[in-house]
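Shown next: input_12.txt, containing compact mmCIF, C-alpha atoms.
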```txt
# COMPACT_ATOMS: atom_id res chain seq x y z
CA MET W 1 -3.37 -8.62 28.98
CA LYS W 2 -3.86 -4.88 28.66
CA LYS W 3 -0.94 -4.16 30.97
CA SER W 4 1.21 -6.61 29.02
CA ASN W 5 0.39 -4.84 25.75
CA GLU W 6 1.09 -1.43 27.28
CA LYS W 7 4.46 -2.64 28.58
CA LYS W 8 5.38 -4.02 25.17
CA GLN W 9 4.31 -0.83 23.42
CA LYS W 10 6.44 1.26 25.77
CA GLN W 11 9.43 -1.02 25.26
CA TYR W 12 9.26 -0.73 21.49
CA LEU W 13 8.42 2.95 21.54
CA ARG W 14 11.40 3.69 23.81
CA ARG W 15 13.70 1.59 21.64
CA ASP W 16 12.63 3.32 18.43
CA VAL W 17 12.49 6.85 19.81
CA LEU W 18 16.05 6.45 21.10
CA ARG W 19 17.08 5.81 17.52
CA ILE W 20 15.53 9.07 16.40
CA GLY W 21 17.07 12.44 17.03
CA GLY W 22 19.43 11.34 19.79
CA GLY W 23 16.65 10.31 22.15
CA VAL W 24 14.47 13.40 21.70
CA ALA W 25 10.82 12.33 21.54
CA LEU W 26 8.96 13.61 18.49
CA SER W 27 6.35 15.24 20.68
CA ALA W 28 8.98 17.27 22.53
CA PRO W 29 8.96 21.02 21.87
CA PHE W 30 11.37 22.29 19.25
CA VAL W 31 14.11 23.95 21.31
CA GLY W 32 17.26 25.79 20.33
CA ARG W 33 17.10 25.12 16.59
CA ALA W 34 14.88 27.93 15.39
CA TRP W 35 17.98 29.66 14.00
CA ALA W 36 18.84 26.74 11.72
CA SER W 37 17.61 26.70 8.15
CA THR W 38 15.01 24.07 7.39
CA THR W 39 16.28 21.07 5.43
CA GLU W 40 14.09 19.98 2.54
CA ILE W 41 13.57 16.26 1.94
CA ASN W 42 12.33 15.41 -1.54
CA MET W 43 9.84 12.54 -1.46
CA LEU W 44 8.38 10.50 -4.30
CA ALA W 45 5.27 8.68 -3.09
CA TRP W 46 1.62 7.83 -3.45
CA TYR W 47 -0.65 10.70 -2.48
CA GLY W 48 -0.93 11.28 1.26
CA HIS W 49 2.46 10.12 2.47
CA GLY W 50 3.95 13.61 2.52
CA GLU W 51 0.97 15.30 4.17
CA PRO W 52 1.04 16.84 7.69
CA ASP W 53 -0.80 13.96 9.36
CA MET W 54 2.07 11.68 8.32
CA VAL W 55 5.18 13.85 8.44
CA GLY W 56 4.25 16.91 10.52
CA ALA W 57 5.54 15.67 13.87
CA PHE W 58 8.85 14.54 12.36
CA GLU W 59 9.23 17.84 10.52
CA GLU W 60 8.75 19.85 13.70
CA ALA W 61 11.13 17.75 15.77
CA ASN W 62 13.90 17.67 13.18
CA ASN W 63 13.57 21.06 11.45
CA VAL W 64 12.91 19.49 8.07
CA LYS W 65 10.30 19.98 5.38
CA PHE W 66 9.09 17.22 3.11
CA VAL W 67 8.56 18.23 -0.52
CA PRO W 68 6.41 15.45 -1.97
CA LYS W 69 5.87 14.57 -5.61
CA TYR W 70 2.99 12.16 -5.99
CA TYR W 71 2.41 9.39 -8.51
CA ALA W 72 -0.17 6.65 -9.09
CA GLY W 73 1.14 3.25 -10.21
CA GLY W 74 4.61 1.78 -10.20
CA ASP W 75 5.06 2.36 -13.94
CA ASN W 76 4.59 6.10 -13.38
CA MET W 77 7.03 6.02 -10.45
CA LEU W 78 9.76 4.46 -12.57
CA ALA W 79 9.17 6.94 -15.37
CA LEU W 80 9.40 9.93 -13.03
CA ILE W 81 12.72 8.73 -11.60
CA ALA W 82 14.13 7.99 -15.05
CA GLN W 83 13.24 11.51 -16.18
CA SER W 84 14.86 13.18 -13.15
CA PRO W 85 18.55 13.92 -12.48
CA PRO W 86 20.32 11.46 -10.13
CA GLY W 87 19.83 12.36 -6.49
CA THR W 88 16.54 14.20 -7.09
CA PHE W 89 14.56 12.10 -4.63
CA ASP W 90 15.80 11.52 -1.09
CA ILE W 91 13.06 9.05 -0.14
CA ILE W 92 10.98 6.88 -2.45
CA LEU W 93 7.82 5.11 -1.37
CA SER W 94 7.63 2.10 -3.65
CA ASP W 95 5.07 -0.60 -4.22
CA GLY W 96 6.80 -3.76 -3.05
CA GLU W 97 6.82 -5.39 -6.48
CA PHE W 98 8.81 -2.54 -8.06
CA VAL W 99 11.77 -2.53 -5.67
CA GLN W 100 13.69 -4.97 -7.86
CA GLN W 101 13.43 -2.60 -10.81
CA LEU W 102 14.55 0.33 -8.67
CA ASN W 103 17.56 -1.66 -7.50
CA ALA W 104 18.45 -3.02 -10.93
CA ALA W 105 18.38 0.51 -12.36
CA GLY W 106 20.64 1.80 -9.57
CA TYR W 107 18.02 4.21 -8.21
CA ILE W 108 18.22 3.26 -4.51
CA GLU W 109 20.78 2.80 -1.76
CA ALA W 110 21.41 -0.34 0.29
CA LEU W 111 20.04 -0.23 3.85
CA ASP W 112 21.42 -1.61 7.11
CA ALA W 113 18.88 -4.20 8.23
CA SER W 114 19.97 -3.83 11.86
CA ASP W 115 18.51 -0.31 11.87
CA TYR W 116 14.96 -1.64 11.62
CA PRO W 117 12.65 -3.77 13.83
CA PHE W 118 12.58 -7.04 11.88
CA ASP W 119 12.26 -8.91 15.17
CA ASP W 120 8.83 -7.30 15.59
CA MET W 121 7.22 -8.16 12.24
CA LEU W 122 3.63 -9.42 12.34
CA HIS W 123 4.31 -12.11 9.74
CA GLU W 124 7.41 -14.06 8.81
CA ASP W 125 6.94 -13.04 5.15
CA PHE W 126 7.53 -9.42 6.12
CA THR W 127 11.01 -10.13 7.48
CA LYS W 128 12.39 -10.97 4.05
CA PHE W 129 9.70 -9.62 1.77
CA PRO W 130 10.06 -10.72 -1.88
CA GLY W 131 12.16 -8.30 -3.89
CA HIS W 132 13.19 -6.12 -0.97
CA TRP W 133 16.48 -7.95 -0.55
CA ASP W 134 19.35 -8.89 -2.85
CA GLY W 135 20.85 -11.85 -1.07
CA ASP W 136 21.47 -10.62 2.46
CA THR W 137 21.42 -6.94 1.52
CA LEU W 138 18.29 -4.91 2.27
CA TYR W 139 17.17 -2.25 -0.22
CA SER W 140 13.68 -1.35 0.95
CA MET W 141 11.89 -1.32 4.31
CA ILE W 142 8.33 -2.62 4.39
CA LEU W 143 6.03 0.05 5.86
CA ARG W 144 2.42 -1.02 5.44
CA GLY W 145 0.05 -3.07 3.36
CA GLY W 146 -3.56 -3.37 2.31
CA HIS W 147 -5.85 -5.87 0.64
CA LEU W 148 -7.59 -5.53 -2.71
CA GLY W 149 -10.80 -7.35 -3.57
CA VAL W 150 -14.39 -6.48 -4.48
CA SER W 151 -15.37 -2.93 -3.54
CA TYR W 152 -19.02 -2.09 -3.75
CA ASN W 153 -21.99 0.03 -2.74
CA THR W 154 -23.87 -1.95 -0.11
CA THR W 155 -27.24 -0.70 -1.41
CA ALA W 156 -26.51 -2.16 -4.87
CA MET W 157 -24.80 -5.43 -4.01
CA SER W 158 -25.21 -7.88 -1.17
CA ALA W 159 -22.23 -9.24 0.74
CA GLU W 160 -22.95 -12.61 -0.88
CA GLU W 161 -22.83 -11.12 -4.39
CA ALA W 162 -19.58 -9.35 -3.53
CA SER W 163 -18.01 -12.61 -2.32
CA SER W 164 -16.98 -13.43 -5.90
CA TYR W 165 -15.45 -11.37 -8.70
CA GLU W 166 -18.42 -12.65 -10.71
CA GLY W 167 -20.40 -9.92 -8.93
CA PHE W 168 -18.90 -7.31 -11.26
CA TRP W 169 -20.99 -8.87 -14.05
CA LYS W 170 -24.31 -8.36 -12.21
CA PRO W 171 -26.75 -7.07 -14.87
CA GLU W 172 -28.03 -4.26 -12.66
CA LEU W 173 -24.50 -2.81 -12.50
CA GLN W 174 -24.23 -2.21 -16.25
CA GLY W 175 -22.40 1.08 -16.76
CA LYS W 176 -21.81 1.39 -13.01
CA VAL W 177 -18.61 -0.64 -12.60
CA GLY W 178 -15.47 1.46 -12.42
CA HIS W 179 -11.78 0.65 -12.65
CA PHE W 180 -8.90 2.17 -10.79
CA ASP W 181 -6.81 3.12 -13.82
CA TRP W 182 -3.81 0.85 -13.38
CA HIS W 183 -3.47 -2.50 -15.08
CA LEU W 184 -1.81 -4.58 -12.33
CA PRO W 185 -4.59 -4.68 -9.71
CA SER W 186 -7.50 -5.07 -12.13
CA LEU W 187 -5.87 -7.67 -14.39
CA GLY W 188 -4.62 -9.47 -11.29
CA MET W 189 -8.23 -9.76 -10.13
CA MET W 190 -9.31 -11.09 -13.53
CA SER W 191 -6.53 -13.69 -13.26
CA LEU W 192 -7.84 -14.73 -9.85
CA LYS W 193 -11.37 -14.96 -11.25
CA ASN W 194 -10.03 -17.37 -13.86
CA GLY W 195 -8.77 -19.64 -11.08
CA ASN W 196 -5.05 -18.96 -11.39
CA GLY W 197 -4.63 -18.62 -7.62
CA ALA W 198 -1.05 -18.27 -6.47
CA GLY W 199 0.06 -18.36 -10.13
CA LEU W 200 -1.95 -15.26 -11.02
CA TRP W 201 1.14 -13.35 -12.20
CA ASP W 202 2.89 -16.32 -13.87
CA LEU W 203 0.68 -16.86 -16.92
CA SER W 204 1.28 -19.00 -19.97
CA ASP W 205 0.28 -17.57 -23.34
CA ASP W 206 -3.04 -19.40 -23.14
CA GLN W 207 -3.72 -18.22 -19.59
CA TRP W 208 -2.83 -14.64 -20.51
CA GLN W 209 -5.18 -14.77 -23.48
CA ALA W 210 -7.93 -16.11 -21.20
CA VAL W 211 -7.38 -13.21 -18.78
CA GLN W 212 -7.69 -10.77 -21.67
CA ASP W 213 -10.91 -12.46 -22.83
CA THR W 214 -12.39 -12.37 -19.33
CA THR W 215 -11.48 -8.71 -18.94
CA MET W 216 -12.97 -7.79 -22.32
CA SER W 217 -16.21 -9.51 -21.35
CA LEU W 218 -16.53 -7.02 -18.48
CA ARG W 219 -16.26 -4.02 -20.81
CA PRO W 220 -20.04 -3.48 -21.24
CA GLN W 221 -20.35 -3.12 -17.46
CA VAL W 222 -17.68 -0.44 -17.20
CA GLY W 223 -18.59 3.21 -16.71
CA GLY W 224 -15.12 4.68 -16.39
CA TYR W 225 -11.46 4.47 -15.48
CA PHE W 226 -10.39 6.68 -12.60
CA ASP W 227 -7.43 8.06 -10.72
CA TYR W 228 -7.45 8.23 -6.92
CA GLY W 229 -9.76 11.25 -6.74
CA GLY W 230 -12.13 9.95 -9.40
CA THR W 231 -12.34 6.51 -7.77
CA PHE W 232 -13.09 8.12 -4.43
CA ASN W 233 -15.72 10.51 -5.79
CA GLY W 234 -17.32 7.91 -8.07
CA LEU W 235 -18.09 5.67 -5.11
CA LYS W 236 -18.99 8.57 -2.85
CA ASN W 237 -21.62 10.09 -5.13
CA GLY W 238 -22.99 6.75 -6.37
CA GLU W 239 -21.87 7.30 -9.95
CA MET W 240 -20.10 3.95 -9.64
CA LEU W 241 -21.69 1.12 -7.65
CA ALA W 242 -18.73 -1.26 -7.76
CA MET W 243 -15.05 -0.73 -8.34
CA CYS W 244 -12.43 -3.15 -9.64
CA GLY W 245 -8.76 -2.79 -8.73
CA ILE W 246 -9.13 -1.31 -5.26
CA GLY W 247 -9.99 -2.26 -1.69
CA ASP W 248 -10.28 -0.78 1.76
CA TRP W 249 -7.64 1.85 0.97
CA ILE W 250 -10.47 3.71 -0.81
CA THR W 251 -13.66 2.39 0.78
CA GLY W 252 -12.17 2.68 4.27
CA VAL W 253 -11.96 6.46 3.98
CA LEU W 254 -15.58 6.59 2.78
CA GLU W 255 -16.71 4.17 5.49
CA ARG W 256 -15.24 6.47 8.12
CA ASP W 257 -17.58 9.18 6.80
CA GLY W 258 -20.60 6.90 6.84
CA ALA W 259 -20.88 6.10 3.12
CA PRO W 260 -22.65 2.81 2.23
CA VAL W 261 -19.57 1.11 0.78
CA ALA W 262 -17.41 -1.84 1.72
CA SER W 263 -14.63 -4.07 0.42
CA VAL W 264 -14.37 -7.82 0.80
CA ILE W 265 -11.88 -10.53 -0.09
CA PRO W 266 -13.82 -12.83 -2.43
CA LYS W 267 -13.67 -16.59 -2.50
CA GLU W 268 -11.20 -16.57 -5.40
CA GLY W 269 -8.71 -14.70 -3.22
CA GLY W 270 -7.40 -11.17 -2.86
CA ILE W 271 -4.26 -9.21 -3.58
CA GLN W 272 -2.04 -7.41 -1.08
CA PHE W 273 -0.46 -4.12 -2.03
CA THR W 274 2.72 -3.57 -0.05
CA GLU W 275 4.34 -0.17 0.38
CA SER W 276 7.94 0.30 1.44
CA TYR W 277 10.52 3.04 1.84
CA CYS W 278 13.78 3.31 -0.10
CA ILE W 279 16.58 5.86 0.16
CA GLY W 280 17.23 7.50 -3.19
CA LYS W 281 20.62 6.87 -4.77
CA GLY W 282 23.00 9.73 -4.10
CA SER W 283 20.80 11.46 -1.53
CA ALA W 284 22.75 13.92 0.60
CA LYS W 285 20.15 13.47 3.35
CA ALA W 286 20.35 9.70 3.80
CA ASP W 287 20.85 9.94 7.57
CA LEU W 288 17.70 12.07 8.01
CA VAL W 289 15.74 9.73 5.76
CA LYS W 290 16.89 6.75 7.81
CA GLN W 291 15.67 8.48 10.96
CA PHE W 292 12.30 9.14 9.33
CA ILE W 293 11.93 5.50 8.26
CA GLN W 294 12.79 4.42 11.81
CA TYR W 295 10.12 6.79 13.11
CA MET W 296 7.52 5.32 10.75
CA MET W 297 8.45 1.83 11.94
CA SER W 298 7.97 2.83 15.59
CA PRO W 299 4.56 2.14 17.15
CA GLU W 300 3.65 5.83 16.85
CA GLY W 301 4.57 5.87 13.17
CA GLN W 302 2.73 2.64 12.46
CA VAL W 303 -0.42 4.06 14.02
CA LYS W 304 -0.12 7.21 11.90
CA SER W 305 0.23 5.02 8.83
CA ALA W 306 -2.84 2.95 9.73
CA GLN W 307 -4.86 6.12 10.30
CA MET W 308 -3.52 8.01 7.27
CA ALA W 309 -6.10 10.54 6.14
CA ALA W 310 -5.56 9.88 2.42
CA TYR W 311 -6.06 6.11 2.65
CA PRO W 312 -5.73 3.60 5.50
CA GLY W 313 -3.34 0.68 5.67
CA PHE W 314 -2.35 -2.28 7.83
CA CYS W 315 0.37 -2.18 10.45
CA VAL W 316 3.25 -4.56 9.83
CA THR W 317 4.74 -4.63 13.34
CA LYS W 318 3.34 -6.27 16.46
CA ALA W 319 3.94 -3.19 18.58
CA GLY W 320 2.29 -0.93 16.01
CA ARG W 321 -0.81 -3.11 15.84
CA ALA W 322 -0.99 -3.31 19.64
CA MET W 323 -0.78 0.46 19.93
CA LEU W 324 -3.47 0.92 17.25
CA GLN W 325 -5.80 -1.35 19.23
CA GLU W 326 -5.06 0.69 22.36
CA VAL W 327 -5.37 4.24 21.02
CA ASP W 328 -7.88 3.73 18.19
CA PRO W 329 -9.87 0.52 18.81
CA LYS W 330 -12.62 1.73 16.45
CA GLU W 331 -10.24 1.81 13.47
CA ALA W 332 -8.54 -1.42 14.54
CA LYS W 333 -11.92 -3.14 14.55
CA ARG W 334 -13.13 -1.50 11.32
CA SER W 335 -10.01 -2.68 9.49
CA HIS W 336 -10.05 -6.12 11.19
CA GLN W 337 -6.60 -5.58 12.72
CA MET W 338 -7.51 -7.60 15.78
CA ASP W 339 -6.79 -11.22 16.66
CA GLY W 340 -9.77 -13.50 16.16
CA MET W 341 -11.60 -11.39 13.59
CA PRO W 342 -12.52 -13.44 10.50
CA ASN W 343 -10.91 -10.96 8.10
CA ASP W 344 -7.81 -10.31 10.20
CA PRO W 345 -5.25 -9.50 7.46
CA ILE W 346 -2.62 -11.77 9.00
CA ALA W 347 -5.11 -14.65 9.27
CA LEU W 348 -6.05 -14.19 5.59
CA ILE W 349 -2.38 -14.49 4.61
CA ASN W 350 -2.01 -17.64 6.72
CA GLU W 351 -5.11 -19.12 5.10
CA GLY W 352 -3.61 -18.64 1.62
CA ARG W 353 -6.37 -16.25 0.53
CA ILE W 354 -4.02 -13.32 -0.04
CA HIS W 355 -1.46 -13.08 -2.82
CA TYR W 356 1.23 -10.41 -2.87
CA ARG W 357 0.98 -8.11 -5.84
CA ASP W 358 3.73 -8.75 -8.36
CA ILE W 359 4.67 -7.96 -11.93
CA PRO W 360 4.00 -10.29 -14.89
CA GLN W 361 6.43 -13.20 -15.01
CA GLN W 362 5.99 -14.45 -18.59
CA GLN W 363 4.84 -11.19 -20.16
CA THR W 364 6.30 -7.71 -19.78
CA LEU W 365 4.75 -4.75 -18.03
CA GLU W 366 4.44 -3.23 -21.51
CA ASP W 367 2.38 -6.24 -22.65
CA TRP W 368 -0.07 -5.72 -19.81
CA ASN W 369 -0.13 -1.96 -20.27
CA ASP W 370 -0.72 -2.29 -24.02
CA PHE W 371 -3.69 -4.56 -23.43
CA TRP W 372 -4.99 -2.19 -20.76
CA SER W 373 -4.95 0.66 -23.29
CA GLU W 374 -6.73 -1.56 -25.82
CA TYR W 375 -9.35 -2.51 -23.21
CA LYS W 376 -10.01 1.10 -22.26
CA ASN W 377 -10.49 2.10 -25.89
CA ALA W 378 -12.66 -0.89 -26.83
```
Write-out of the structure in structure tokens:
Amino acid sequence: MKKSNEKKQKQYLRRDVLRIGGGVALSAPFVGRAWASTTEINMLAWYGHGEPDMVGAFEEANNVKFVPKYYAGGDNMLALIAQSPPGTFDIILSDGEFVQQLNAAGYIEALDASDYPFDDMLHEDFTKFPGHWDGDTLYSMILRGGHLGVSYNTTAMSAEEASSYEGFWKPELQGKVGHFDWHLPSLGMMSLKNGNGAGLWDLSDDQWQAVQDTTMSLRPQVGGYFDYGGTFNGLKNGEMLAMCGIGDWITGVLERDGAPVASVIPKEGGIQFTESYCIGKGSAKADLVKQFIQYMMSPEGQVKSAQMAAYPGFCVTKAGRAMLQEVDPKEAKRSHQMDGMPNDPIALINEGRIHYRDIPQQQTLEDWNDFWSEYKNA
């Protein structure tokens, strides 16, 4: 089995590397191009995607330099693009549920689906991910994912208590429950707690009011609303003992350092965040961006994504997952990216316990954001 996996990894790696830089492997020394000026690629992304552990090898091999601008939350991403001149961003890392808005606004270019390894996707859903396509035209390439559920300090909550969103209301956690400060993940979790299941984003007026009531009932437990750094530090220093709106993308980094934290998918279900790459409309560097996306879809790139220093994620290709298991079995096991593990992310999708994050269907994003502001100020 090991030899079979190695053969498959090499096949995919060779196929993808041949697509990048005319067959020059990314690990090859940079030869004969020192005289050329470095090309800057402007990236709009969540924090971490433009850091050396993610882009350094590609930069060296292709004489480019990524210039990242970071955001938190799809609403902020859309606002930053709207406020920037056309062509400002060459590559945009989007949450999967916002690709439709990017496309409708004319912010991204169409992609050639044949450039990417759709025949190697880990799940059928990833081959035609909701919102990434307009008919048969691809606009965004799925890169990675992660699951959101109950995140907690293992000294303050048991695994059993964390197996339901009800755990956030544990009396001993009063003032020690934090929120990642973005309405979609937290309100999505409150919708799941209310039993809305697969319809968690498609709420009638009565269901939406019930979600607001449930959320408001949590307010006495809440000790703060945090950005990425605040969420990370709040859990790390024990200021917050549970966190709503996040998952392993935060606790996984802390777990690696030995902190007593964990994330679980509760019985009411969890939410998958899905990150994908788009080419910015009017980019003069579209060919280089395409090469970079192809690199990130290669097994080597998928492993880098799974190991990302800022926050971990799940591979979306079979070859990427196989290579992760081979080169970093500790991380593959920690993140359950192994066949047969009970929390294998692909198994959870197949079991119907994971719902892809989306935008409100019967309300607007402004409706949810307005309530979120009201909740924070209550």
TODO: Write out as a PyMOL selection string the residues lying within 12 Å of Pro130 of chain W, counting only C-alpha atoms and excluding same-chain residues fewer than 6 positions away.
DONE: chain W and resi 95-100+124+138-142+274+276+355-359
Open item on the list: Considering all atoms listed in the file, can you say which of W:Lys65, W:Lys281, W:Lys236, W:Lys176 comes closest to Gly224 of chain W?
Closed with: W:Lys176
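You will find atom CA of Ile354 of chain W at 5.8 Å from atom CA of Gly269 of chain W.
Using only C-alpha atoms, the smallest distance between any of W:Asp227, W:Trp368, W:Leu235, W:Glu51 and Val211 of chain W comes from W:Trp368.
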Task: Option closest in space to Glu351 of chain W, from W:Lys290, W:Lys376, W:Arg321, W:Lys267 [counting all atoms listed in the file] - done: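 Nearest to Glu351 of chain W: W:Lys267.
Using only C-alpha atoms, the shortest contact distance between Ile250 of chain W and any of W:His147, W:His49, W:Lys69, W:Lys128 is found at W:His147.
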Task: Selected residue of minimal separation from Ala82 of chain W among W:Asn194, W:Asn343, W:Gln101, W:Ser283, counting all atoms listed in the file - done: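 Residue with the minimum atom-to-atom distance to Ala82 of chain W: W:Gln101.
Between atom CA of Val264 of chain W and atom CA of Gln209 of chain W the interatomic distance comes to 26.9 Å.
Nearest-residue note for Val150 of chain W: choosing from W:Ser94, W:Thr251, W:Met121, W:Ala286, the minimum distance belongs to W:Thr251, counting all atoms listed in the file.
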Task: d(atom CA of Tyr152 of chain W, atom CA of Ser373 of chain W) in Å - done: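 Between these atoms lies a distance of 24.2 Å.
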Task: 12 Å contact set for Lys170 of chain W, all atoms listed in the file, chain neighbours under 2 positions out, as a ChimeraX atom specification - done: /W:152,156-158,161-162,164-168,172-177,218,220-222,241-242
TODO: Pull the neighbourhood of (-3.0, 2.4, 5.4) for me: all residues within 9 Å in file coordinates, counting only C-alpha atoms, as a count of residues only.
DONE: 17
Shell around Ser84 of chain W at 12 Å using only C-alpha atoms, local window under 3 positions removed, as a PDB file with C-alpha atoms, in the frame of the given file:
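In the end it all went to around-v6.pdb:
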```pdb
ATOM      1  CA  LEU W  44       8.380  10.500  -4.300  1.00  0.00           C
ATOM      2  CA  LYS W  69       5.870  14.570  -5.610  1.00  0.00           C
ATOM      3  CA  MET W  77       7.030   6.020 -10.450  1.00  0.00           C
ATOM      4  CA  LEU W  78       9.760   4.460 -12.570  1.00  0.00           C
ATOM      5  CA  ALA W  79       9.170   6.940 -15.370  1.00  0.00           C
ATOM      6  CA  LEU W  80       9.400   9.930 -13.030  1.00  0.00           C
ATOM      7  CA  ILE W  81      12.720   8.730 -11.600  1.00  0.00           C
ATOM      8  CA  GLY W  87      19.830  12.360  -6.490  1.00  0.00           C
ATOM      9  CA  THR W  88      16.540  14.200  -7.090  1.00  0.00           C
ATOM     10  CA  PHE W  89      14.560  12.100  -4.630  1.00  0.00           C
ATOM     11  CA  TYR W 107      18.020   4.210  -8.210  1.00  0.00           C
ATOM     12  CA  GLY W 280      17.230   7.500  -3.190  1.00  0.00           C
ATOM     13  CA  LYS W 281      20.620   6.870  -4.770  1.00  0.00           C
TER      14      LYS W 281
END
```
Which residues of segment 236-331 of chain W come within 10 Å of segment 338-342 of chain W, and what is each one's closest atom pair and distance in Å (one decimal), counting all atoms listed in the file, sorted by chain and residue number, as a Markdown table?
```
| residue | atom | partner | partner_atom | distance |
| --- | --- | --- | --- | --- |
| W:Arg321 | CA | W:Met338 | CA | 8.1 |
| W:Ala322 | CA | W:Met338 | CA | 8.7 |
| W:Leu324 | CA | W:Met338 | CA | 9.5 |
| W:Gln325 | CA | W:Met338 | CA | 7.3 |
| W:Pro329 | CA | W:Met338 | CA | 9.0 |
```
